[in-house]
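Beneath this line is the structure, given in structure tokens, with notes to follow.
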2 protein chains.
Amino acid sequence: MSTIPVTEGPVDPAARPVEPPAGITDPRLARQIAFLLEIDQLKSVLRQSHLIDLSRRENDAEHSWHLAMLAVVLGEYAAVEVNQGRVIRMLLIHDLVEVYAGDTFLYDTQAAAGQAEREHAAADRLFPQLPGDQADELRALWDEFEARRTPDARFARALDRVQPLLLNFYTGGSTWRPHGVTRADVLAHQKTIEDGSPALWEYVRIMIDEAVRRRYLLA
Amino acid sequence: MSTIPVTEGPVDPAARPVEPPAGITDPRLARQIAFLLEIDQLKSVLRQSHLIDLSRRENDAEHSWHLAMLAVVLGEYAAVEVNQGRVIRMLLIHDLVEVYAGDTFLYDTQAAAGQAEREHAAADRLFPQLPGDQADELRALWDEFEARRTPDARFARALDRVQPLLLNFYTGGSTWRPHGVTRADVLAHQKTIEDGSPALWEYVRIMIDEAVRRRYLLA
């Protein structure tokens, strides 16, 4: 075979949609694989954050991976002891519903209005594509994240707030500036971060002050 | 503030590089944050696989997230009982070295020659950017994945082989066809999958036969 790398370019779209191979007789595994192919769409849901190198916007799959890495590296800063494995699984799945509901920008108050309804409808459609036991398990984990009451959910939500703040600060306010985001907009999420991790809130508090001084963020 | 979404477009690159906020006095946390910003580059390392919708090639961060989701959904098919949390962490970090070493296409025998050396040099450079205890912990986890001897590593490696096969089959052989990949090329990785998961190998075996019948893959 050739060792010449294939470059970017149009791919023959005629092959879609692709039927599963005949001969797969395990319906459970077939459903699980179909679910894993369905959530591939998360790679195409764009967020408002930019990559650190400013080359483009981040998508939900990348964001979910990055959050899971925050949980791996910053676990020691949770407000109370958490189950790291559960926090990571929660973060891996927390945005899955956006394959149907789309991403809602944190500071877009208008879009936020119908967000909960859209996302619950998406969850009702997505999770039952898994076998029943797994549908229940992942739905319960997602509900727990949404309800933000358990220590695991509170820490996971804090990380979900911290990651875009880091991307924003370390790109010179690349999302804050064009949207005219203010210090007060960001401070409105103080409680979510502080509840899950007082230590990370301390970092963010200093970062926000500096962002205002550098004019990444409106005063 | 505005609720109008900001569209794709050039971002002012003058803001780079961004210095950390003055006033951060915790050197451990500062190192951890710097590491998390450094690995943001994984989002820009392109693989040969295409997304299921064929819109573009997949990157390493998306691949790592997708693999972690395979571990969440397909854990029951491990050859022997594994520690799911460890498997997931292993998969989240398994490609980190590619921020320096780049991605090596599985079927590119020429590039594979220097791959181990390149990746070990990258690991020597990347992991020590973390505080010592975490550098040791993540390096050990990466070494374990590379050595493919423990049950956790074997299952993780099987999933790392299965995911691109799924993307390939369900895009009509979008990477196999232009590279002229043969059935024998794919079967060369049978042992890696079968060792980690006989049940997933059974699925893949049927899928490969069907791929040849449909001419996604050369006989």
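For the structure tokens, the naming scheme is as follows: chains receive sequential letters (A, B, ...) according to their order of presentation, residues are indexed from 1 within each chain, and ligands are indexed from 1 in presentation order.
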Where does DSSP see alpha helix (DSSP H) in stretch 10-216 of chain A, if you list the residues as a ChimeraX atom specification? /A:27-38,60-74,84-93,98-101,109-112,115-126,132-147,151-169,176-179,183-187,190-196,198-213
Atom CA of B:Ile206 and atom CA of B:Val72 are how many Å apart? 23.0 Å
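For B:His50, the set of protein, DNA and RNA residues having any atom at most 8 Å away, when counting only C-alpha atoms and skipping those fewer than 5 positions along the same chain, is B:Ser55, B:Arg56, B:Arg57, B:Glu58, B:Leu167, B:Asn168, B:Thr171, B:Ser174, B:Thr175.
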Deliver the residues from the most recent selection as a file, using N, CA and C atoms, as a compact mmCIF listing (two decimals), in the first residue's frame.
```
# COMPACT_ATOMS: atom_id res chain seq x y z
N SER B 55 -17.50 15.39 6.71
CA SER B 55 -17.25 16.82 6.52
C SER B 55 -15.77 17.18 6.59
N ARG B 56 -15.00 16.39 7.34
CA ARG B 56 -13.57 16.71 7.50
C ARG B 56 -12.89 15.56 8.23
N ARG B 57 -11.56 15.69 8.42
CA ARG B 57 -10.82 14.69 9.18
C ARG B 57 -10.99 14.94 10.68
N GLU B 58 -10.81 13.87 11.43
CA GLU B 58 -10.93 13.91 12.88
C GLU B 58 -9.61 14.36 13.49
N LEU B 167 -15.23 4.16 12.15
CA LEU B 167 -15.33 5.38 11.34
C LEU B 167 -15.12 5.05 9.86
N ASN B 168 -14.21 4.15 9.60
CA ASN B 168 -13.92 3.78 8.22
C ASN B 168 -15.07 3.04 7.56
N THR B 171 -18.19 5.12 6.91
CA THR B 171 -18.06 6.16 5.90
C THR B 171 -17.71 5.50 4.56
N SER B 174 -13.78 5.46 3.75
CA SER B 174 -13.28 6.77 3.28
C SER B 174 -11.77 6.93 3.45
N THR B 175 -11.16 6.26 4.38
CA THR B 175 -9.70 6.33 4.52
C THR B 175 -9.04 5.12 3.87
```
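In this comparison, which uses only C-alpha atoms, the residue of A:Arg154, A:His189, A:Arg214, A:Lys43 approaching chain B most closely is A:Lys43.
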Stretch 80-96 of chain A environment, 7 Å, only C-alpha atoms, sequence neighbours closer than 3 positions dropped, as a ChimeraX atom specification: /A:39,42,60,64-65,67-68,71,75,99,141-142,145,151-153,156 /B:85
In Å, how far is it from atom CA of B:Pro17 to atom CA of B:Glu38?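 A separation of 12.2 Å between them.
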Just want the 12 Å neighbourhood of A:Tyr203, counted on only C-alpha atoms, with same-chain residues fewer than 3 positions away dropped. Output as a ChimeraX atom specification. /A:77,162,165-166,169,190,193-194,197-200,206-210 /B:20-30,32-33
Proximity to chain A - best of B:Tyr216, B:Phe35, B:Tyr170, B:Phe127, only C-alpha atoms: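 Nearest to chain A: B:Tyr170.
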Using only C-alpha atoms, determine which residues lie at most 10 Å from B:Gln129, disregarding the query and same-chain residues fewer than 4 positions distant; provide the list as number ranges by chain. B: 31-32, 34-36, 38, 124-125, 134-135
